[in-house]
Amino acid sequence: EGEFRVVSLAAFLADLSSWNKILPFIFDDPITSLDHKYEKMVADRLVKLSEERQVIVFTHRLAFAQLLVSSIGEYNKAPNCHCGYFSAI
């Protein structure tokens, strides 16, 4: 199930480039059933996506929330890149 989820998420994110509208995206626990090795890649891709559009991520896993915060920090260190609002409730 985890591999299917990774492939589906990757295909969906790749398809975004063909959309003419810039709409916000809401992801509800996008890492459910994923191996730990994919969690960082998903976090990095969602942070990169947030440069183009609003991205809202719901998760019950604090470790994934921390990965998102870490990815935001790494992404903001790159030249001409800035994303960056994170709120935990």
# chains A, B, ... in the order shown; residues from 1 in each chain; ligands from 1
>>> residues_around(residues="Leu68 of chain A", least_positions_apart="5", cutoff="12 Å", atoms="only C-alpha atoms", output="number ranges by chain")
A: 30-31, 39-48, 50, 55-59, 61-63, 73-75, 83-88
>>> residues_around(residues="Phe12 of chain A", least_positions_apart="4", cutoff="12 Å", atoms="only C-alpha atoms", output="JSON, numbers by chain")
{"A": [5, 6, 7, 8, 16, 17, 18, 19, 25, 27, 45, 46, 49]}
>>> select_by_dssp(residues="segment 19-69 of chain A", states="strand (DSSP E)", output="list of chain:residue names")
A:Phe25, A:Ile26, A:Phe27, A:Asp28, A:Val55, A:Ile56, A:Val57, A:Phe58
>>> write_last_selection(atoms="all heavy atoms", output="compact mmCIF listing (two decimals), in the first residue's frame")
# COMPACT_ATOMS: atom_id res chain seq x y z
N PHE A 25 -3.75 23.47 -2.09
CA PHE A 25 -3.92 22.04 -1.91
C PHE A 25 -3.91 21.70 -0.43
O PHE A 25 -3.13 22.25 0.34
CB PHE A 25 -2.81 21.25 -2.61
CG PHE A 25 -3.02 21.19 -4.08
CD1 PHE A 25 -2.32 22.02 -4.92
CD2 PHE A 25 -3.94 20.31 -4.63
CE1 PHE A 25 -2.52 21.98 -6.28
CE2 PHE A 25 -4.16 20.27 -5.98
CZ PHE A 25 -3.45 21.11 -6.82
N ILE A 26 -4.79 20.79 -0.08
CA ILE A 26 -4.87 20.29 1.29
C ILE A 26 -4.53 18.81 1.26
O ILE A 26 -5.14 18.04 0.53
CB ILE A 26 -6.28 20.51 1.87
CG1 ILE A 26 -6.60 22.01 1.89
CG2 ILE A 26 -6.37 19.91 3.28
CD1 ILE A 26 -8.02 22.33 2.29
N PHE A 27 -3.54 18.44 2.05
CA PHE A 27 -3.12 17.05 2.16
C PHE A 27 -3.44 16.57 3.56
O PHE A 27 -2.99 17.15 4.54
CB PHE A 27 -1.62 16.91 1.90
CG PHE A 27 -1.22 17.23 0.49
CD1 PHE A 27 -0.84 18.51 0.15
CD2 PHE A 27 -1.24 16.25 -0.49
CE1 PHE A 27 -0.48 18.82 -1.15
CE2 PHE A 27 -0.88 16.54 -1.78
CZ PHE A 27 -0.50 17.83 -2.11
N ASP A 28 -4.21 15.51 3.65
CA ASP A 28 -4.57 14.92 4.94
C ASP A 28 -3.68 13.71 5.18
O ASP A 28 -3.86 12.66 4.58
CB ASP A 28 -6.04 14.53 4.96
CG ASP A 28 -6.49 14.00 6.31
OD1 ASP A 28 -5.74 14.16 7.30
OD2 ASP A 28 -7.59 13.42 6.38
N VAL A 55 -0.16 25.43 0.50
CA VAL A 55 -0.21 24.01 0.82
C VAL A 55 -0.56 23.88 2.29
O VAL A 55 0.11 24.45 3.15
CB VAL A 55 1.14 23.32 0.53
CG1 VAL A 55 1.11 21.86 0.98
CG2 VAL A 55 1.50 23.43 -0.94
N ILE A 56 -1.59 23.12 2.57
CA ILE A 56 -2.01 22.85 3.94
C ILE A 56 -1.87 21.36 4.18
O ILE A 56 -2.37 20.55 3.39
CB ILE A 56 -3.48 23.30 4.16
CG1 ILE A 56 -3.60 24.80 3.90
CG2 ILE A 56 -3.94 22.93 5.57
CD1 ILE A 56 -5.03 25.29 3.83
N VAL A 57 -1.17 21.01 5.25
CA VAL A 57 -0.93 19.60 5.55
C VAL A 57 -1.47 19.31 6.95
O VAL A 57 -1.09 19.97 7.91
CB VAL A 57 0.58 19.26 5.50
CG1 VAL A 57 0.81 17.80 5.84
CG2 VAL A 57 1.16 19.61 4.14
N PHE A 58 -2.33 18.33 7.02
CA PHE A 58 -2.81 17.83 8.31
C PHE A 58 -2.08 16.52 8.59
O PHE A 58 -1.99 15.66 7.72
CB PHE A 58 -4.32 17.55 8.27
CG PHE A 58 -5.16 18.77 8.10
CD1 PHE A 58 -5.70 19.08 6.86
CD2 PHE A 58 -5.42 19.60 9.18
CE1 PHE A 58 -6.48 20.20 6.69
CE2 PHE A 58 -6.20 20.73 9.01
CZ PHE A 58 -6.73 21.03 7.77
>>> residues_around(residues="Ile22 of chain A", least_positions_apart="2", cutoff="7 Å", atoms="only C-alpha atoms", output="PDB file with all heavy atoms, in the first residue's frame")
ATOM      1  N   ASN A  20      -3.517  24.987 -15.420  1.00  0.00           N
ATOM      2  CA  ASN A  20      -3.453  26.424 -15.678  1.00  0.00           C
ATOM      3  C   ASN A  20      -3.849  27.251 -14.463  1.00  0.00           C
ATOM      4  O   ASN A  20      -3.568  28.430 -14.416  1.00  0.00           O
ATOM      5  CB  ASN A  20      -4.352  26.794 -16.857  1.00  0.00           C
ATOM      6  CG  ASN A  20      -3.833  26.235 -18.158  1.00  0.00           C
ATOM      7  OD1 ASN A  20      -2.632  26.038 -18.311  1.00  0.00           O
ATOM      8  ND2 ASN A  20      -4.724  25.968 -19.082  1.00  0.00           N
ATOM      9  N   PRO A  24      -5.020  26.228  -4.050  1.00  0.00           N
ATOM     10  CA  PRO A  24      -4.386  25.669  -2.853  1.00  0.00           C
ATOM     11  C   PRO A  24      -4.634  24.164  -2.784  1.00  0.00           C
ATOM     12  O   PRO A  24      -5.599  23.657  -3.359  1.00  0.00           O
ATOM     13  CB  PRO A  24      -5.097  26.389  -1.702  1.00  0.00           C
ATOM     14  CG  PRO A  24      -6.382  26.859  -2.274  1.00  0.00           C
ATOM     15  CD  PRO A  24      -6.164  27.066  -3.740  1.00  0.00           C
ATOM     16  N   ARG A  53       2.032  27.673  -4.605  1.00  0.00           N
ATOM     17  CA  ARG A  53       0.645  27.742  -4.159  1.00  0.00           C
ATOM     18  C   ARG A  53       0.574  27.439  -2.671  1.00  0.00           C
ATOM     19  O   ARG A  53       1.510  26.938  -2.084  1.00  0.00           O
ATOM     20  CB  ARG A  53      -0.214  26.751  -4.932  1.00  0.00           C
ATOM     21  CG  ARG A  53       0.213  25.309  -4.733  1.00  0.00           C
ATOM     22  CD  ARG A  53      -0.474  24.330  -5.643  1.00  0.00           C
ATOM     23  NE  ARG A  53       0.062  24.443  -6.971  1.00  0.00           N
ATOM     24  CZ  ARG A  53      -0.679  24.486  -8.083  1.00  0.00           C
ATOM     25  NH1 ARG A  53      -1.966  24.400  -8.014  1.00  0.00           N
ATOM     26  NH2 ARG A  53      -0.120  24.599  -9.262  1.00  0.00           N
TER      27      ARG A  53
END
>>> select_by_dssp(residues="chain A", states="alpha helix (DSSP H)", output="VMD selection string")
chain A and resid 2 to 15 36 to 49 62 to 77
